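Enquirer: Take a look at this one; I'll ask things after.
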Protein chains: 2
Amino acid sequence: MEREPFRNPGRVTLRDVAQEAGVSIKTVSRVINGEREVNPETAARVSEVAAKLGYRPNELARSLKGRRTRTIGLMIADISNPFYAALARAVEEVARSRGYTMILCASSEDPEIEREYVEVLSGRRVDGLLFVPAPGDGSHLRREQEAGLPMVAIDRPAEGIRTDTVMVQNAAGTRKAVEHLISHGHRHIAFIGDDKRLHTTRKRLQGYLEATRATGLRECFRLGCSTTSAAEEAMLELLEAPDHPTAIFAGNNLISTGVLEAIARAGLRIPYDIAFAGFDDFPLASALRPRLTLVRQPVDELGRKAAELLFDRLEGEKSSSPSRIILPTRLIVRESCGCAPS
Amino acid sequence: MEREPFRNPGRVTLRDVAQEAGVSIKTVSRVINGEREVNPETAARVSEVAAKLGYRPNELARSLKGRRTRTIGLMIADISNPFYAALARAVEEVARSRGYTMILCASSEDPEIEREYVEVLSGRRVDGLLFVPAPGDGSHLRREQEAGLPMVAIDRPAEGIRTDTVMVQNAAGTRKAVEHLISHGHRHIAFIGDDKRLHTTRKRLQGYLEATRATGLRECFRLGCSTTSAAEEAMLELLEAPDHPTAIFAGNNLISTGVLEAIARAGLRIPYDIAFAGFDDFPLASALRPRLTLVRQPVDELGRKAAELLFDRLEGEKSSSPSRIILPTRLIVRESCGCAPS
DNA sequence: TTGTACGCGTTATCAA
DNA sequence: TTGATAACGCGTACAA
């Protein structure tokens, strides 16, 4: 007695459809792919059977045959950070509009996790990679790059490897904000920043230093605040000193939250007791009183540009040399800096 | 002259390794998969060659052969919403720890986009699906379910189909918050909610109504505010009335932002001119003055539980009947309700 | 217009 | 301990 080879129960294949419709596999394939060298009547019947059986082409098999998966990887540090969330949203929109699917990976800024994820993505044969590089050496990416995987770094450049990169004006944005605080008469301005291994932290610090040095102000900064509570602690410490800063610049949105918490806990009032400015705008910033003065970076555009760059590489020429795009930031002057409500 | 069949240049396969190491494909396969019925010396040599060539197993081919992709789909409405972002983070963590990869899809609450994405995920042969059901009929999911795709609904039940579901206490949480406002003496409390087709909106409204009706208060609610600015408009309108509400409950975090903006624009002070409470805690809530009184939902646990439920189904028995898990919410009493600072 | 045969990269079977 | 060979589900080349 001939035994049917075992077939996956839930999954209907071309063969099942072919058998049911009484035609060959190839005919079904043609109908599915809309090649129209096929008898309309046959086509109709096949379509009907396919629909009845709930046939869904196996993209894995298609990808194995062809050479693309129409899948990209997006590696960010932590999706619960609104900045990365906004980035992911922009990327997802572009990907969807181009018929691509997106695998989301969170590195937690850990190069080891990044390395592992890159291997996974490589094994999954993603067509391209968008990534916010983890700090430290990124040469583990070189092998993939050499294997022909297009990749675009977002928000900061990858170290130890040359890739397309899309960033924002970190130094200039911060400098303008600090200069604005100076223009309000502040002579003692502090800066609280994230991990100093991060390119963004260094550039923002640089902007702060440019502004303070140009005016001969004292330098006062704390780095390494990668969480809200670390920033809160650092700020609290700064405020303990008898001659504490009269103005503060927060290096990103998480730090802003911690700094505001500290100022509130210390019972200080913005901008009278201490003026505030920070990097990264967010929705609540204009709902607060005083409204927050912040450097706005074009997060959506950052994600969109990076994704478009990737897809262009991916569907067009991969040959041209790595490009480096720097998007402008803008100081949104509201009230926490000391400006009057409009 | 024999022509080598065209080989993908960047990608080294089992065959390449086998050829280079002078063994058969199967031997390499054994080494890669750690089956140890293989001569240690051969194994060592093969490993070396594989490393040198940068061999990376093609997971597509593996999945085609075996029957799982070790990939799940996560469908949310909009990743830039902190609630979904937190959810995605929790899910990603569980997935990573189990060696799974996550495809992120954003439905924008549009059933049509949801349907399209489900087809894509089905074609990609994901092993399971976690989803925040878009409003409206979800029977387009039934086919996949019948094909054996395990799925877990998060945050709200899917309509027209029975699946595992993980939710939170929406009604009870809201009721408690409104009762708390009532205990502060408020007799005119308004509720602003999201789209009324959403299960969460209806349950939260129900909680509001339970509290107000039990006390014989007048009902005052506005629904359909699915954006921050819509909520702001609605709130502004409420405040225009001469006998405007003395307390407001915001149905989610986006609405909270809009409501706060409106209150600030109207020049009103919380909690003196109007008291505030809302659904969904967020980091800044305790940094503001007054601190915000909010219903906290265990977002991390929501995502984790859902993911674990899915993986259990996926790796264990799929047979048992759909479970419905309801996680507790908690009222975090701070100051915006009228309570004194502690 | 339709069908057959082969290959994509892997794992599984079975024989050597 | 190893190696041919057949699947997996699909597309492509080539015949019929």
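Just so we're on the same page: first chain in the structure tokens is A, next is B, and so on; residues restart at 1 for each chain, and ligands are numbered from 1 in the order they show up.
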Considering only C-alpha atoms (C1' of nucleotides), return as a list in words whatever protein or nucleic-acid residues lie within 8 Å of region 1-13 of chain C, sequence-local ones (same chain, fewer than 4 positions apart) excluded.
Expert: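 Result of the neighbour search: Ser24, Lys26, Thr27, Glu37, Val38, Asn39, Leu64, Lys65 and Gly66 of chain A; Thr13, Leu14, Asn58, Ala61, Arg62, Leu64, Lys65 and Gly66 of chain B; DA15 and DA16 of chain D.
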Enquirer: DSSP on the backbone, alpha helix (DSSP H) only: what residues of region 211-296 of chain A does that give? Format it as a PyMOL selection string.
Expert: chain A and resi 211-215+228-240+253-265
Enquirer: Using C-alpha atoms, can you write the selected residues to a file as a PDB file, in the first residue's frame?
Expert:
```pdb
ATOM      1  CA  ALA A 211      29.454  78.082  23.805  1.00  0.00           C
ATOM      2  CA  THR A 212      30.853  78.333  27.315  1.00  0.00           C
ATOM      3  CA  ARG A 213      34.468  78.714  26.235  1.00  0.00           C
ATOM      4  CA  ALA A 214      33.655  81.391  23.719  1.00  0.00           C
ATOM      5  CA  THR A 215      32.202  83.392  26.567  1.00  0.00           C
ATOM      6  CA  THR A 228      16.305  59.027  34.120  1.00  0.00           C
ATOM      7  CA  SER A 229      17.146  58.269  37.711  1.00  0.00           C
ATOM      8  CA  ALA A 230      20.878  58.666  37.146  1.00  0.00           C
ATOM      9  CA  ALA A 231      20.176  62.087  35.691  1.00  0.00           C
ATOM     10  CA  GLU A 232      17.977  62.916  38.651  1.00  0.00           C
ATOM     11  CA  GLU A 233      20.763  61.978  41.080  1.00  0.00           C
ATOM     12  CA  ALA A 234      23.335  63.978  39.167  1.00  0.00           C
ATOM     13  CA  MET A 235      21.069  67.010  39.114  1.00  0.00           C
ATOM     14  CA  LEU A 236      20.278  66.719  42.782  1.00  0.00           C
ATOM     15  CA  GLU A 237      23.988  66.663  43.487  1.00  0.00           C
ATOM     16  CA  LEU A 238      24.565  69.747  41.402  1.00  0.00           C
ATOM     17  CA  LEU A 239      21.837  71.562  43.275  1.00  0.00           C
ATOM     18  CA  GLU A 240      23.322  70.762  46.673  1.00  0.00           C
ATOM     19  CA  ASN A 253      14.765  63.389  26.693  1.00  0.00           C
ATOM     20  CA  LEU A 254      15.388  60.811  29.418  1.00  0.00           C
ATOM     21  CA  ILE A 255      17.759  63.213  31.124  1.00  0.00           C
ATOM     22  CA  SER A 256      15.233  66.023  30.819  1.00  0.00           C
ATOM     23  CA  THR A 257      12.735  63.971  32.788  1.00  0.00           C
ATOM     24  CA  GLY A 258      15.240  63.242  35.534  1.00  0.00           C
ATOM     25  CA  VAL A 259      16.374  66.840  35.705  1.00  0.00           C
ATOM     26  CA  LEU A 260      12.820  68.141  35.971  1.00  0.00           C
ATOM     27  CA  GLU A 261      12.109  65.634  38.698  1.00  0.00           C
ATOM     28  CA  ALA A 262      15.181  66.800  40.636  1.00  0.00           C
ATOM     29  CA  ILE A 263      14.336  70.459  40.250  1.00  0.00           C
ATOM     30  CA  ALA A 264      10.811  69.786  41.463  1.00  0.00           C
ATOM     31  CA  ARG A 265      12.027  67.755  44.402  1.00  0.00           C
TER      32      ARG A 265
END
```
Enquirer: With a distance threshold of 8 Å and counting only C-alpha atoms, extract the residues of chain B near chain A and express them as a VMD selection string.
Expert: chain B and resid 10 to 11 54 56 to 61 63 to 64 78 to 82 85 to 86 88 to 89 92 101 to 106 119 122 to 125 143 146 to 148 257 to 258 260 to 262 264 283 to 284 286 to 289
Enquirer: Determine which residues of region 230-270 of chain B DSSP labels as strand (DSSP E) from the backbone of this structure, then write them out as a ChimeraX atom specification.
Expert: /B:247-250
Enquirer: Which residues of chain D sit at most 8 Å from chain B, using only C-alpha atoms (C1' of nucleotides)? Give each one's shortest atom pair and distance in Å (one decimal place), in chain and ascending residue order, as JSON lines.
Expert:
```
{"residue": "D:DT1", "atom": "C1'", "partner": "B:Val38", "partner_atom": "CA", "distance": 5.7}
{"residue": "D:DT2", "atom": "C1'", "partner": "B:Thr27", "partner_atom": "CA", "distance": 7.0}
{"residue": "D:DG3", "atom": "C1'", "partner": "B:Ser24", "partner_atom": "CA", "distance": 6.2}
{"residue": "D:DA7", "atom": "C1'", "partner": "B:Lys65", "partner_atom": "CA", "distance": 8.0}
{"residue": "D:DC8", "atom": "C1'", "partner": "B:Lys65", "partner_atom": "CA", "distance": 4.5}
{"residue": "D:DG9", "atom": "C1'", "partner": "B:Leu64", "partner_atom": "CA", "distance": 7.5}
```
Enquirer: Give me the residues within 8 Å of Ala153 (chain B) as a list in words, counting only C-alpha atoms (C1' of nucleotides) and dropping any in the same chain fewer than 3 places off.
Expert: Leu130, Phe131, Val132, Pro133, Arg156, Pro157, Ala158, Thr163, Asp164, Thr165, Val166 and Ala306 of chain B
Enquirer: With C-alpha atoms retained, export the selected residues as a JSON list (two decimals), in the first residue's frame.
Expert:
```json
[["chain", "number", "residue", "atom", "x", "y", "z"],
["B", 130, "LEU", "CA", 0.74, 38.68, 19.05],
["B", 131, "PHE", "CA", -1.66, 41.43, 18.19],
["B", 132, "VAL", "CA", -3.59, 44.37, 19.46],
["B", 133, "PRO", "CA", -6.76, 43.81, 17.45],
["B", 156, "ARG", "CA", -8.44, 44.00, 23.99],
["B", 157, "PRO", "CA", -10.29, 40.98, 22.64],
["B", 158, "ALA", "CA", -10.57, 40.36, 18.93],
["B", 163, "THR", "CA", -8.34, 33.67, 20.82],
["B", 164, "ASP", "CA", -6.21, 33.81, 23.91],
["B", 165, "THR", "CA", -6.45, 37.30, 25.30],
["B", 166, "VAL", "CA", -4.49, 39.29, 27.85],
["B", 306, "ALA", "CA", 1.07, 37.52, 26.24]]
```
Enquirer: Given the choices B:Glu109, B:Asp281, B:Glu116, B:Asp16, which gets closest to chain C if the distance is worked out from only C-alpha atoms (C1' of nucleotides)?
Expert: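 Using only C-alpha atoms (C1' of nucleotides), chain C sits closest to B:Asp16.
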Enquirer: Give me, please, the distance in Å between CA of Pro242 (chain A) and CA of Arg222 (chain A), quoted to one decimal.
Expert: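 Value for the CA of Pro242 (chain A)-CA of Arg222 (chain A) distance: 17.5 Å.
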Enquirer: Write out as a ChimeraX atom specification the residues lying within 10 Å of Pro271 (chain A), counting only C-alpha atoms (C1' of nucleotides) and excluding same-chain residues fewer than 6 positions away.
Expert: /A:246-247,277,290,292,335-339
Enquirer: May I ask for the distance between CA of Phe221 (chain A) and CA of Arg296 (chain A), given in Å to one decimal place?
Expert: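 Rounded to one decimal, the two atoms are 21.2 Å apart.
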Enquirer: Just the residues within 7 Å of Val94 (chain B), please, counting only C-alpha atoms (C1' of nucleotides), with nothing from its chain fewer than 3 positions along; format it as an MDAnalysis selection string.
Expert: chainID B and resid 90:91 97:98 304 307
